[in-house]
Amino acid sequence: MKDRELTRLLQTDPDAGLRAALRGYGPMIKAVLLRILPRDARDVEECMADTLVALWQNAARLEQQGTPLRPWLIVTARNRGIDRYRTLRRHAALSLDDE
């Protein structure tokens, strides 16, 4: 499915659009996140969901600007993964300080 078709589908039928995005880009998003969050599959799945929600929320703008989805998704997934990693690291540091 082409990027423009996917962004339109996300706007007209979000469920079908998200399924199509997951089929087409899910493995790539997961690979990006596994390099950042290799320890817990739940963190990877949560960041994948966050990335796809961001795609859905930005579909109209991405279509209007003609933004290629692959690089946009890579950067978005990477940023979500880094944010999650920092949160986990901060939480672990707080737990150690509490003891």
# chains A, B, ... in the order shown; residues from 1 in each chain; ligands from 1
>>> closest_atom_pairs(of="stretch 55-84 of chain A", to="stretch 15-21 of chain A", cutoff="12 Å", atoms="only C-alpha atoms", output="Markdown table")
| residue | atom | partner | partner_atom | distance |
| --- | --- | --- | --- | --- |
| A:Leu55 | CA | A:Leu18 | CA | 8.6 |
| A:Trp56 | CA | A:Leu18 | CA | 7.3 |
| A:Gln57 | CA | A:Leu18 | CA | 11.0 |
| A:Ala59 | CA | A:Gly17 | CA | 10.0 |
| A:Leu69 | CA | A:Ala21 | CA | 9.7 |
| A:Arg70 | CA | A:Ala21 | CA | 10.5 |
| A:Leu73 | CA | A:Ala21 | CA | 10.1 |
>>> write_last_selection(atoms="C-alpha atoms", output="PDB file, in the first residue's frame")
ATOM      1  CA  LEU A  55       0.695   8.010  12.794  1.00  0.00           C
ATOM      2  CA  TRP A  56      -3.099   8.021  13.007  1.00  0.00           C
ATOM      3  CA  GLN A  57      -3.175  11.410  14.740  1.00  0.00           C
ATOM      4  CA  ALA A  59      -2.230  11.198   9.038  1.00  0.00           C
ATOM      5  CA  LEU A  69       6.029   7.343   6.093  1.00  0.00           C
ATOM      6  CA  ARG A  70       9.023   5.026   6.443  1.00  0.00           C
ATOM      7  CA  LEU A  73       7.909   6.140  11.467  1.00  0.00           C
TER       8      LEU A  73
END
>>> residues_around(residues="A:Arg84", least_positions_apart="6", cutoff="9 Å", atoms="only C-alpha atoms", output="list in words")
Leu37, Asp43 and Cys47 of chain A
>>> closest_residue(among="A:Arg35, A:Glu63, A:Arg90, A:Ile82", to="A:Thr7", atoms="only C-alpha atoms")
A:Glu63
>>> atom_distance(atom1="atom CA of A:Arg61", atom2="atom CA of A:Leu9")
13.5 Å
>>> atom_distance(atom1="atom CA of A:Leu22", atom2="atom CA of A:Gln64")
21.5 Å
>>> closest_residue(among="A:Lys30, A:Ile36, A:Gln65, A:Asn58", to="A:Asp83", atoms="only C-alpha atoms")
A:Ile36
>>> residues_around(residues="A:Val44", least_positions_apart="5", cutoff="12 Å", atoms="only C-alpha atoms", output="list in words")
Gly26, Pro27, Ile29, Lys30, Ala31, Val32, Leu33, Leu34, Arg35, Ile36, Leu37, Pro38, Arg39, Ala49, Asp50, Thr51, Ala77, Arg78, Arg80, Gly81, Ile82, Asp83, Arg84 and Tyr85 of chain A
>>> atom_distance(atom1="atom CA of A:Arg42", atom2="atom CA of A:Leu6")
26.2 Å
>>> closest_residue(among="A:Arg8, A:Arg86, A:Met1, A:Glu45", to="A:Gly24", atoms="only C-alpha atoms")
A:Met1
>>> closest_residue(among="A:Thr67, A:Leu88, A:Met48, A:Pro14", to="A:Lys2", atoms="only C-alpha atoms")
A:Thr67
